[in-house]
$ cat structure.pdb   # PDB, C-alpha atoms
MODEL        1
ATOM      1  CA  MET A 272       0.000   0.000   0.000
ATOM      2  CA  ASN A 273       1.806   3.154  -1.225
ATOM      3  CA  LYS A 274      -0.847   5.746  -0.435
ATOM      4  CA  ILE A 275       0.356   9.041   1.042
ATOM      5  CA  ALA A 276      -0.426   9.297   4.761
ATOM      6  CA  MET A 277      -2.972  12.018   5.508
ATOM      7  CA  LEU A 278      -0.573  13.865   7.814
ATOM      8  CA  ASP A 279       2.020  14.032   5.020
ATOM      9  CA  ARG A 280      -0.328  15.956   2.745
ATOM     10  CA  LYS A 281      -0.617  19.727   2.524
ATOM     11  CA  VAL A 282      -3.288  21.455   4.566
ATOM     12  CA  SER A 283      -6.114  23.465   3.041
ATOM     13  CA  LYS A 284      -8.140  26.038   4.967
ATOM     14  CA  LYS A 285     -10.382  26.967   2.061
ATOM     15  CA  ASN A 286     -13.959  27.353   3.393
ATOM     16  CA  ALA A 287     -12.670  27.202   6.987
ATOM     17  CA  TYR A 288     -14.444  29.264   9.651
ATOM     18  CA  ILE A 289     -12.698  32.547  10.381
ATOM     19  CA  LYS A 290     -13.165  33.923  13.878
ATOM     20  CA  LYS A 291     -13.862  37.643  13.836
ATOM     21  CA  GLU A 292     -14.449  40.460  16.286
ATOM     22  CA  TYR A 293     -17.720  40.173  18.158
ATOM     23  CA  THR A 294     -20.646  42.260  16.902
ATOM     24  CA  LYS A 295     -24.160  42.497  18.298
ATOM     25  CA  GLY A 296     -26.360  39.588  17.267
ATOM     26  CA  TYR A 297     -23.364  37.498  16.233
ATOM     27  CA  LYS A 298     -23.326  33.865  17.373
ATOM     28  CA  ILE A 299     -19.760  32.965  18.301
ATOM     29  CA  PRO A 300     -18.852  29.759  16.391
ATOM     30  CA  ILE A 301     -17.913  26.542  18.162
ATOM     31  CA  VAL A 302     -14.455  26.697  16.547
ATOM     32  CA  SER A 303     -13.768  29.249  19.288
ATOM     33  CA  ASP A 304     -12.187  27.621  22.360
ATOM     34  CA  THR A 305     -14.241  29.980  24.513
ATOM     35  CA  MET A 306     -17.510  28.896  22.919
ATOM     36  CA  PHE A 307     -16.535  25.232  22.948
ATOM     37  CA  ASP A 308     -15.919  25.337  26.707
ATOM     38  CA  THR A 309     -19.109  27.319  27.275
ATOM     39  CA  MET A 310     -21.445  25.166  25.211
ATOM     40  CA  ILE A 311     -19.881  21.687  25.088
ATOM     41  CA  ASN A 312     -17.478  21.238  27.985
ATOM     42  CA  ASN A 313     -20.253  22.185  30.377
ATOM     43  CA  GLU A 314     -22.282  19.544  32.192
ATOM     44  CA  SER A 315     -25.324  21.827  32.494
ATOM     45  CA  ARG A 316     -25.478  21.837  28.689
ATOM     46  CA  LYS A 317     -24.725  18.175  28.081
ATOM     47  CA  LYS A 318     -27.494  17.923  25.502
ATOM     48  CA  TYR A 319     -25.210  19.690  23.028
ATOM     49  CA  ALA A 320     -22.350  17.247  23.611
ATOM     50  CA  ALA A 321     -24.925  14.476  23.154
ATOM     51  CA  LEU A 322     -26.015  16.124  19.900
ATOM     52  CA  ILE A 323     -22.480  16.023  18.493
ATOM     53  CA  ILE A 324     -21.800  12.466  19.616
ATOM     54  CA  SER A 325     -25.129  11.073  18.386
ATOM     55  CA  SER A 326     -24.689  12.717  14.964
ATOM     56  CA  VAL A 327     -21.118  11.423  14.591
ATOM     57  CA  LEU A 328     -21.958   7.876  15.735
ATOM     58  CA  GLU A 329     -25.383   7.863  14.040
ATOM     59  CA  ARG A 330     -26.953   6.662  17.279
ATOM     60  CA  ASP A 331     -30.141   7.644  19.077
ATOM     61  CA  TYR A 332     -29.829  11.048  20.737
ATOM     62  CA  ASN A 333     -31.847  10.112  23.856
ATOM     63  CA  GLU A 334     -29.731   6.994  24.373
ATOM     64  CA  ILE A 335     -26.550   9.097  24.243
ATOM     65  CA  TYR A 336     -27.961  11.870  26.442
ATOM     66  CA  ASN A 337     -29.074   9.464  29.151
ATOM     67  CA  SER A 338     -25.726   7.629  29.142
ATOM     68  CA  ILE A 339     -23.234  10.541  29.231
ATOM     69  CA  GLU A 340     -21.042  10.902  32.315
ATOM     70  CA  TYR A 341     -18.659  13.867  32.309
ATOM     71  CA  VAL A 342     -15.027  13.099  33.123
ATOM     72  CA  LYS A 343     -12.295  15.528  34.230
ATOM     73  CA  ASN A 344     -10.458  16.760  31.152
ATOM     74  CA  LYS A 345      -6.976  16.701  32.665
ATOM     75  CA  LEU A 346      -5.175  13.442  31.921
ATOM     76  CA  ASP A 347      -4.050  11.374  34.895
ATOM     77  CA  LYS A 348      -0.488  12.274  35.834
ATOM     78  CA  GLN A 349       0.977   8.807  35.631
ATOM     79  CA  LEU A 350       4.013   9.927  33.639
ATOM     80  CA  ASP A 351       6.042  13.130  33.767
ATOM     81  CA  ILE A 352       5.338  13.716  30.088
ATOM     82  CA  GLU A 353       1.587  13.782  30.786
ATOM     83  CA  LYS A 354       1.691  16.509  33.450
ATOM     84  CA  GLY A 355      -0.511  19.480  32.625
ATOM     85  CA  ARG A 356      -2.082  17.930  29.545
ATOM     86  CA  GLU A 357      -5.693  18.857  29.025
ATOM     87  CA  VAL A 358      -8.040  17.612  26.362
ATOM     88  CA  ASP A 359     -10.972  19.700  25.190
ATOM     89  CA  PHE A 360     -13.677  17.288  26.332
ATOM     90  CA  ILE A 361     -13.995  13.766  27.753
ATOM     91  CA  CYS A 362     -17.069  11.817  28.769
ATOM     92  CA  LYS A 363     -17.900   8.213  29.528
ATOM     93  CA  LEU A 364     -20.611   6.477  27.571
ATOM     94  CA  LYS A 365     -21.379   3.111  29.169
ATOM     95  CA  ASP A 366     -18.249   1.060  28.459
ATOM     96  CA  GLU A 367     -16.306   3.588  26.385
ATOM     97  CA  TYR A 368     -14.611   6.948  26.820
ATOM     98  CA  ILE A 369     -15.226   9.619  24.205
ATOM     99  CA  GLY A 370     -12.949  12.607  23.672
ATOM    100  CA  ILE A 371     -13.732  15.610  21.481
ATOM    101  CA  GLU A 372     -10.964  17.914  20.246
ATOM    102  CA  MET A 373     -11.529  21.231  18.450
ATOM    103  CA  ASN A 374      -8.625  21.740  16.023
ATOM    104  CA  ASN A 375      -8.758  25.304  14.774
ATOM    105  CA  ASN A 376      -5.087  26.112  14.119
ATOM    106  CA  TYR A 377      -3.381  23.284  12.280
ATOM    107  CA  SER A 378       0.109  22.058  12.861
ATOM    108  CA  LYS A 379       1.367  18.537  12.398
ATOM    109  CA  GLU A 380       2.458  18.492  16.034
ATOM    110  CA  ALA A 381      -0.992  19.550  17.256
ATOM    111  CA  PHE A 382      -2.680  16.850  15.209
ATOM    112  CA  GLU A 383      -0.281  14.186  16.459
ATOM    113  CA  ARG A 384      -0.881  15.471  19.984
ATOM    114  CA  ASN A 385      -4.562  14.587  19.476
ATOM    115  CA  ILE A 386      -3.477  11.023  18.755
ATOM    116  CA  SER A 387      -1.340  10.972  21.892
ATOM    117  CA  TYR A 388      -4.327  12.232  23.901
ATOM    118  CA  ALA A 389      -6.415   9.319  22.669
ATOM    119  CA  MET A 390      -3.665   6.891  23.638
ATOM    120  CA  GLY A 391      -3.236   8.685  26.959
ATOM    121  CA  ILE A 392      -6.925   8.323  27.782
ATOM    122  CA  TYR A 393      -6.803   4.666  26.701
ATOM    123  CA  LYS A 394      -3.887   4.044  29.066
ATOM    124  CA  SER A 395      -4.984   6.255  31.962
ATOM    125  CA  LYS A 396      -8.343   4.511  32.216
ATOM    126  CA  GLU A 397      -6.892   1.017  32.371
ATOM    127  CA  ILE A 398      -8.492  -1.328  34.903
ATOM    128  CA  ARG A 399      -5.927  -3.027  37.114
ATOM    129  CA  GLY A 400      -6.517  -6.464  38.526
ATOM    130  CA  SER A 401      -5.196  -9.947  37.980
ATOM    131  CA  LYS A 402      -5.090  -8.893  34.328
ATOM    132  CA  TYR A 403      -4.857  -5.510  32.667
ATOM    133  CA  SER A 404      -8.103  -4.487  31.001
ATOM    134  CA  PHE A 405      -8.378  -1.386  28.836
ATOM    135  CA  ASN A 406     -11.592   0.488  28.147
ATOM    136  CA  LYS A 407     -12.654   1.543  24.667
ATOM    137  CA  ILE A 408     -11.703   5.047  23.560
ATOM    138  CA  LEU A 409     -13.169   7.039  20.700
ATOM    139  CA  GLN A 410     -11.531  10.334  19.734
ATOM    140  CA  ILE A 411     -13.597  12.806  17.690
ATOM    141  CA  ASN A 412     -11.542  15.580  16.044
ATOM    142  CA  LEU A 413     -13.479  18.590  14.760
ATOM    143  CA  ASN A 414     -11.029  20.048  12.243
ATOM    144  CA  ASN A 415     -11.344  23.566  10.885
ATOM    145  CA  PHE A 416      -9.209  22.541   7.893
ATOM    146  CA  THR A 417      -8.851  19.653   5.488
ATOM    147  CA  PHE A 418      -6.029  18.014   3.541
ATOM    148  CA  GLU A 419      -5.299  18.214  -0.181
ATOM    149  CA  ASN A 420      -7.119  15.616  -2.287
ATOM    150  CA  ASN A 421      -9.571  14.948   0.547
ATOM    151  CA  ASP A 422     -13.227  15.851  -0.050
ATOM    152  CA  ARG A 423     -14.675  13.650   2.678
ATOM    153  CA  GLU A 424     -16.644  15.259   5.496
ATOM    154  CA  ALA A 425     -15.709  12.508   7.951
ATOM    155  CA  GLU A 426     -13.455   9.485   8.144
ATOM    156  CA  GLU A 427     -12.634   6.834  10.718
ATOM    157  CA  TYR A 428      -9.182   5.543  11.662
ATOM    158  CA  ALA A 429      -8.417   2.402  13.636
ATOM    159  CA  LEU A 430      -5.600  -0.114  14.144
ATOM    160  CA  ARG A 431      -6.044  -2.466  11.199
ATOM    161  CA  ASN A 432      -3.830  -4.385   8.835
ATOM    162  CA  GLU A 433      -3.790  -4.197   5.049
ATOM    163  CA  ASN A 434      -6.656  -6.710   4.881
ATOM    164  CA  GLY A 435      -8.879  -4.571   7.106
ATOM    165  CA  GLU A 436      -8.569  -6.889  10.111
ATOM    166  CA  TYR A 437      -8.576  -5.084  13.472
ATOM    167  CA  LEU A 438      -5.669  -5.411  15.859
ATOM    168  CA  THR A 439      -8.104  -3.991  18.419
ATOM    169  CA  GLU A 440     -11.463  -2.281  18.119
ATOM    170  CA  LYS A 441     -10.886  -0.403  21.381
ATOM    171  CA  ILE A 442      -9.128   2.602  19.824
ATOM    172  CA  LYS A 443     -10.815   4.645  17.106
ATOM    173  CA  ILE A 444     -10.342   8.185  15.814
ATOM    174  CA  ILE A 445     -12.952  10.018  13.752
ATOM    175  CA  ASN A 446     -11.933  13.144  11.839
ATOM    176  CA  ILE A 447     -14.574  15.687  10.872
ATOM    177  CA  TYR A 448     -13.507  18.249   8.245
ATOM    178  CA  LEU A 449     -15.615  21.402   8.685
ATOM    179  CA  PRO A 450     -14.466  23.132   5.440
ATOM    180  CA  ASN A 451     -15.659  20.172   3.384
ATOM    181  CA  ILE A 452     -19.069  20.369   5.054
ATOM    182  CA  ARG A 453     -19.281  24.095   4.297
ATOM    183  CA  LYS A 454     -18.311  23.428   0.678
ATOM    184  CA  LYS A 455     -21.056  20.828   0.440
ATOM    185  CA  TYR A 456     -23.520  23.359   1.863
ATOM    186  CA  TYR A 457     -22.441  26.122  -0.552
ATOM    187  CA  ASN A 458     -22.825  23.699  -3.465
ATOM    188  CA  LYS A 459     -26.395  22.983  -2.295
ATOM    189  CA  GLU A 460     -25.704  19.262  -1.970
ATOM    190  CA  GLU A 461     -27.958  17.093   0.162
ATOM    191  CA  LEU A 462     -26.968  17.310   3.840
ATOM    192  CA  ASN A 463     -26.966  14.474   6.351
ATOM    193  CA  GLU A 464     -27.568  14.881  10.090
ATOM    194  CA  LEU A 465     -23.876  15.362  10.908
ATOM    195  CA  ASP A 466     -23.572  18.105   8.281
ATOM    196  CA  LYS A 467     -26.540  19.986   9.741
ATOM    197  CA  VAL A 468     -25.227  19.759  13.299
ATOM    198  CA  MET A 469     -21.759  21.028  12.381
ATOM    199  CA  LEU A 470     -23.252  23.893  10.361
ATOM    200  CA  VAL A 471     -25.632  24.896  13.159
ATOM    201  CA  LEU A 472     -22.706  24.987  15.604
ATOM    202  CA  ASN A 473     -20.763  27.405  13.388
ATOM    203  CA  GLU A 474     -22.861  29.254  10.820
ATOM    204  CA  GLU A 475     -24.056  32.809  11.590
ATOM    205  CA  ASP A 476     -26.771  33.715   9.094
ATOM    206  CA  ASN A 477     -30.125  33.509  10.905
ATOM    207  CA  ASN A 478     -32.092  32.650   7.770
ATOM    208  CA  ASN A 479     -29.778  29.793   6.904
ATOM    209  CA  LEU A 480     -29.760  28.551  10.498
ATOM    210  CA  SER A 481     -33.549  28.397  10.704
ATOM    211  CA  LYS A 482     -33.614  26.233   7.578
ATOM    212  CA  LEU A 483     -30.927  23.940   8.969
ATOM    213  CA  TYR A 484     -32.525  23.236  12.361
ATOM    214  CA  LYS A 485     -36.138  23.280  11.192
ATOM    215  CA  GLY A 486     -38.011  20.675  13.248
ATOM    216  CA  GLU A 487     -34.882  19.774  15.285
ATOM    217  CA  LYS A 488     -35.509  21.052  18.821
ATOM    218  CA  VAL A 489     -32.034  20.461  20.277
ATOM    219  CA  MET A 490     -30.392  22.312  17.388
ATOM    220  CA  GLU A 491     -32.916  25.138  17.741
ATOM    221  CA  ASP A 492     -32.190  25.277  21.485
ATOM    222  CA  TYR A 493     -28.470  25.418  20.740
ATOM    223  CA  VAL A 494     -28.817  28.471  18.493
ATOM    224  CA  LYS A 495     -30.917  30.342  21.082
ATOM    225  CA  ASP A 496     -28.610  29.356  23.936
ATOM    226  CA  ALA A 497     -25.450  30.221  21.961
ATOM    227  CA  LYS A 498     -26.828  33.653  21.065
ATOM    228  CA  ARG A 499     -27.582  34.334  24.742
ATOM    229  CA  ALA A 500     -24.098  33.204  25.728
ATOM    230  CA  SER A 501     -22.569  35.352  22.977
ATOM    231  CA  ILE A 502     -23.805  38.579  24.581
ATOM    232  CA  SER A 503     -22.427  37.743  28.034
ATOM    233  CA  ASP A 504     -19.727  40.231  29.045
ATOM    234  CA  ASP A 505     -17.617  37.406  30.493
ATOM    235  CA  ILE A 506     -17.845  35.313  27.319
ATOM    236  CA  VAL A 507     -17.189  38.275  25.020
ATOM    237  CA  GLY A 508     -14.168  39.248  27.148
ATOM    238  CA  LEU A 509     -12.699  35.753  26.942
ATOM    239  CA  TYR A 510     -13.423  35.596  23.214
ATOM    240  CA  ASP A 511     -11.685  38.948  22.602
ATOM    241  CA  LYS A 512      -8.666  37.683  24.542
ATOM    242  CA  GLU A 513      -8.667  34.520  22.430
ATOM    243  CA  LEU A 514      -8.706  36.568  19.202
ATOM    244  CA  HIS A 515      -5.853  38.756  20.449
ATOM    245  CA  GLU A 516      -3.704  35.746  21.377
ATOM    246  CA  GLU A 517      -4.448  34.127  18.019
ATOM    247  CA  LEU A 518      -3.436  37.333  16.210
ATOM    248  CA  LEU A 519      -0.122  37.344  18.076
ATOM    249  CA  ARG A 520       0.492  33.672  17.210
ATOM    250  CA  ASN A 521      -0.330  34.248  13.552
ATOM    251  CA  THR A 522       1.939  37.314  13.440
ATOM    252  CA  GLU A 523       4.813  35.314  14.928
ATOM    253  CA  LEU A 524       4.206  32.481  12.455
ATOM    254  CA  TYR A 525       4.051  34.941   9.543
ATOM    255  CA  ASN A 526       7.284  36.648  10.583
ATOM    256  CA  ALA A 527       9.013  33.296  10.984
ATOM    257  CA  GLU A 528       7.728  32.205   7.572
ATOM    258  CA  GLN A 529       8.908  35.432   5.933
ATOM    259  CA  LYS A 530      12.353  35.037   7.510
ATOM    260  CA  GLY A 531      12.519  31.513   6.128
ATOM    261  CA  VAL A 532      11.555  32.762   2.654
ATOM    262  CA  ARG A 533      14.224  35.472   2.771
ATOM    263  CA  ASP A 534      16.871  33.040   4.005
ATOM    264  CA  ASN A 535      16.081  30.779   1.040
ATOM    265  CA  LYS A 536      16.397  33.711  -1.389
ATOM    266  CA  ILE A 537      19.779  34.677   0.049
ATOM    267  CA  GLU A 538      21.035  31.104  -0.170
ATOM    268  CA  THR A 539      19.869  30.911  -3.808
ATOM    269  CA  ALA A 540      21.587  34.232  -4.586
ATOM    270  CA  LYS A 541      24.845  32.984  -3.032
ATOM    271  CA  ASN A 542      24.836  29.931  -5.270
ATOM    272  CA  MET A 543      24.064  32.025  -8.350
ATOM    273  CA  LEU A 544      26.916  34.414  -7.534
ATOM    274  CA  LYS A 545      29.292  31.489  -7.164
ATOM    275  CA  ASP A 546      28.217  30.398 -10.655
ATOM    276  CA  ASN A 547      29.100  33.914 -11.921
ATOM    277  CA  LEU A 548      25.563  34.782 -12.990
ATOM    278  CA  SER A 549      24.777  38.460 -13.551
ATOM    279  CA  ILE A 550      23.368  40.619 -10.773
ATOM    280  CA  ASP A 551      20.412  41.557 -13.015
ATOM    281  CA  MET A 552      19.506  37.896 -13.497
ATOM    282  CA  ILE A 553      19.921  37.096  -9.794
ATOM    283  CA  SER A 554      17.681  40.026  -8.858
ATOM    284  CA  LYS A 555      15.053  38.909 -11.362
ATOM    285  CA  TYR A 556      14.838  35.342 -10.056
ATOM    286  CA  THR A 557      15.243  35.954  -6.312
ATOM    287  CA  GLY A 558      13.418  39.241  -5.875
ATOM    288  CA  LEU A 559      16.381  40.682  -3.969
ATOM    289  CA  SER A 560      17.458  44.238  -4.820
ATOM    290  CA  LYS A 561      20.680  44.875  -6.728
ATOM    291  CA  LYS A 562      22.047  46.664  -3.644
ATOM    292  CA  GLU A 563      21.387  43.575  -1.491
ATOM    293  CA  ILE A 564      23.061  41.322  -4.062
ATOM    294  CA  ASN A 565      26.099  43.631  -4.314
ATOM    295  CA  GLU A 566      26.448  43.571  -0.522
ATOM    296  CA  LEU A 567      26.165  39.800  -0.606
ATOM    297  CA  TRP A 568      28.825  39.651  -3.350
ATOM    298  CA  VAL A 569      31.206  41.745  -1.196
ATOM    299  CA  PHE A 570      30.585  39.488   1.775
ATOM    300  CA  LEU A 571      31.282  36.361  -0.268
ATOM    301  CA  TYR A 572      34.405  37.916  -1.808
ATOM    302  CA  LEU A 573      35.834  38.840   1.599
ATOM    303  CA  PHE A 574      34.824  35.486   3.068
ATOM    304  CA  LEU A 575      36.345  33.491   0.204
ATOM    305  CA  VAL A 576      39.532  35.558   0.237
TER     306      VAL A 576
ENDMDL
END

$ encode --input "structure.pdb" --output "structure tokens"
Amino acid sequence: MNKIAMLDRKVSKKNAYIKKEYTKGYKIPIVSDTMFDTMINNESRKKYAALIISSVLERDYNEIYNSIEYVKNKLDKQLDIEKGREVDFICKLKDEYIGIEMNNNYSKEAFERNISYAMGIYKSKEIRGSKYSFNKILQINLNNFTFENNDREAEEYALRNENGEYLTEKIKIINIYLPNIRKKYYNKEELNELDKVMLVLNEEDNNNLSKLYKGEKVMEDYVKDAKRASISDDIVGLYDKELHEELLRNTELYNAEQKGVRDNKIETAKNMLKDNLSIDMISKYTGLSKKEINELWVFLYLFLV
């Protein structure tokens, strides 16, 4: 099997949800950490966690709602490496633990950290006795991005061999790709229950929302509840802080990226100078000014001499 691993593909944020400054009447999307904690990681609002889980697993909502037990979201500190780790949400559903992670800012390390969280929950909930017994763990990743050449809204990963045989059915990871669901919605394709739930959690337009949750009481309740929460001074304050911190992170990433681009241009110019190419040509293909290239030439001359 020579298929490219999903994590080795490029990331696409086309159609991703963009968090913006709060305005009156605006429903903060669930891709916000603040809103996720307020609406999902909140036992008094467990019907919304049940809504997500039932739509992902395609199981009866009432069955899920009546079975959910909230679990602390800090992993057991059995190993030094686990200290301080927090997952976005964990609950117990009869004989299995379910984690939900909201992945808004992609990095390979963050995505792999989600995998380690699933394994950490699997290990930390082991039952000790005459034999070790491990509970089932399901990790649901809500991803505000997708990967190139991937148009699926959802996909399931498990430990299986090339013939599809499970090593164990106790560890599963389900990835939900929000941009692909939005694309499907924009293209006016038929929506399933999962699509509607994810759109209701994030979309803002009241007319579109009313069409999406028509006849679905829990989704209608979510929209009303989320709008009320979105005008709370405490929630708005935390959301503004979140936006500010994200702006700082993005600025740092942009600056680091630009430095990397410039370093590559300088390295290319050095090699072109060593090959005795003209300054005009080097400037044309690297974007560096003639002054910069002359200074680089002087540096190389002095260094080589």

$ residues_around --input "structure.pdb" --residues "stretch 445-462 of chain A" --least-positions-apart "3" --cutoff "6 Å" --atoms "only C-alpha atoms" --output "list in words"
Asn286, Ala287, Ile411, Asn412, Leu413, Asn414, Asn415, Phe416, Thr417, Glu424, Ala425, Glu426, Glu427 and Asp466 of chain A

$ resolve_selection --input "structure.pdb" --expression "the PyMOL selection byres ((chain A and resi 360-369) around 7)" --output "compact mmCIF listing (two decimals) with C-alpha atoms, in the coordinates of the input"
# COMPACT_ATOMS: atom_id res chain seq x y z
CA ASN A 312 -17.48 21.24 27.98
CA SER A 338 -25.73 7.63 29.14
CA ILE A 339 -23.23 10.54 29.23
CA GLU A 340 -21.04 10.90 32.32
CA TYR A 341 -18.66 13.87 32.31
CA VAL A 342 -15.03 13.10 33.12
CA LYS A 343 -12.30 15.53 34.23
CA ASN A 344 -10.46 16.76 31.15
CA VAL A 358 -8.04 17.61 26.36
CA ASP A 359 -10.97 19.70 25.19
CA GLY A 370 -12.95 12.61 23.67
CA ILE A 371 -13.73 15.61 21.48
CA GLU A 372 -10.96 17.91 20.25
CA ASN A 406 -11.59 0.49 28.15
CA LYS A 407 -12.65 1.54 24.67
CA ILE A 408 -11.70 5.05 23.56
CA LEU A 409 -13.17 7.04 20.70
CA GLN A 410 -11.53 10.33 19.73

$ closest_residue --input "structure.pdb" --among "A:Leu559, A:Ile311, A:Leu328, A:Val282" --to "A:Asp534" --atoms "all atoms listed in the file"
A:Leu559

$ closest_residue --input "structure.pdb" --among "A:Thr522, A:Asn421, A:Asn479, A:Ser549" --to "A:Ala276" --atoms "all atoms listed in the file"
A:Asn421

$ resolve_selection --input "structure.pdb" --expression "the PyMOL selection byres ((chain A and resi 490) around 9)" --output "ChimeraX atom specification"
/A:319,322,467-468,471-472,483-489,491-495

$ write_last_selection --input "structure.pdb" --atoms "C-alpha atoms" --output "compact mmCIF listing (two decimals), in the coordinates of the input"
# COMPACT_ATOMS: atom_id res chain seq x y z
CA TYR A 319 -25.21 19.69 23.03
CA LEU A 322 -26.02 16.12 19.90
CA LYS A 467 -26.54 19.99 9.74
CA VAL A 468 -25.23 19.76 13.30
CA VAL A 471 -25.63 24.90 13.16
CA LEU A 472 -22.71 24.99 15.60
CA LEU A 483 -30.93 23.94 8.97
CA TYR A 484 -32.52 23.24 12.36
CA LYS A 485 -36.14 23.28 11.19
CA GLY A 486 -38.01 20.68 13.25
CA GLU A 487 -34.88 19.77 15.28
CA LYS A 488 -35.51 21.05 18.82
CA VAL A 489 -32.03 20.46 20.28
CA GLU A 491 -32.92 25.14 17.74
CA ASP A 492 -32.19 25.28 21.48
CA TYR A 493 -28.47 25.42 20.74
CA VAL A 494 -28.82 28.47 18.49
CA LYS A 495 -30.92 30.34 21.08

$ resolve_selection --input "structure.pdb" --expression "the PyMOL selection byres ((chain A and resi 560-570) around 10)" --output "PyMOL selection string"
chain A and resi 537+540-541+544-545+550-555+557-559+571-576

$ atom_distance --input "structure.pdb" --atom1 "atom CA of A:Ile301" --atom2 "atom CA of A:Asn473"
5.6 Å

$ atom_distance --input "structure.pdb" --atom1 "atom CA of A:Lys536" --atom2 "atom CA of A:Lys281"
22.4 Å

$ residues_around --input "structure.pdb" --residues "A:Ala320" --least-positions-apart "3" --cutoff "9 Å" --atoms "only C-alpha atoms" --output "number ranges by chain"
A: 310-314, 316-317, 323-325, 336, 339

$ atom_distance --input "structure.pdb" --atom1 "atom CA of A:Met277" --atom2 "atom CA of A:Phe418"
7.0 Å

$ closest_residue --input "structure.pdb" --among "A:Leu514, A:Ala429, A:Ile502, A:Ile386" --to "A:Leu278" --atoms "only C-alpha atoms"
A:Ile386

$ axis_aligned_box --input "structure.pdb" --around "stretch 322-336 of chain A" --padding-each-side "4 Å" --output "JSON"
{"center_x": -26.5, "center_y": 11.4, "center_z": 20.2, "size_x": 18.7, "size_y": 17.5, "size_z": 20.4}

$ closest_residue --input "structure.pdb" --among "A:Phe307, A:Tyr428, A:Tyr393, A:Tyr510" --to "A:Tyr293" --atoms "only C-alpha atoms"
A:Tyr510

$ closest_residue --input "structure.pdb" --among "A:Asp308, A:Lys318, A:Leu470, A:Ile444" --to "A:Met390" --atoms "all atoms listed in the file"
A:Ile444

$ closest_residue --input "structure.pdb" --among "A:Met543, A:Ala527, A:Ala389, A:Leu518" --to "A:Lys290" --atoms "all atoms listed in the file"
A:Leu518
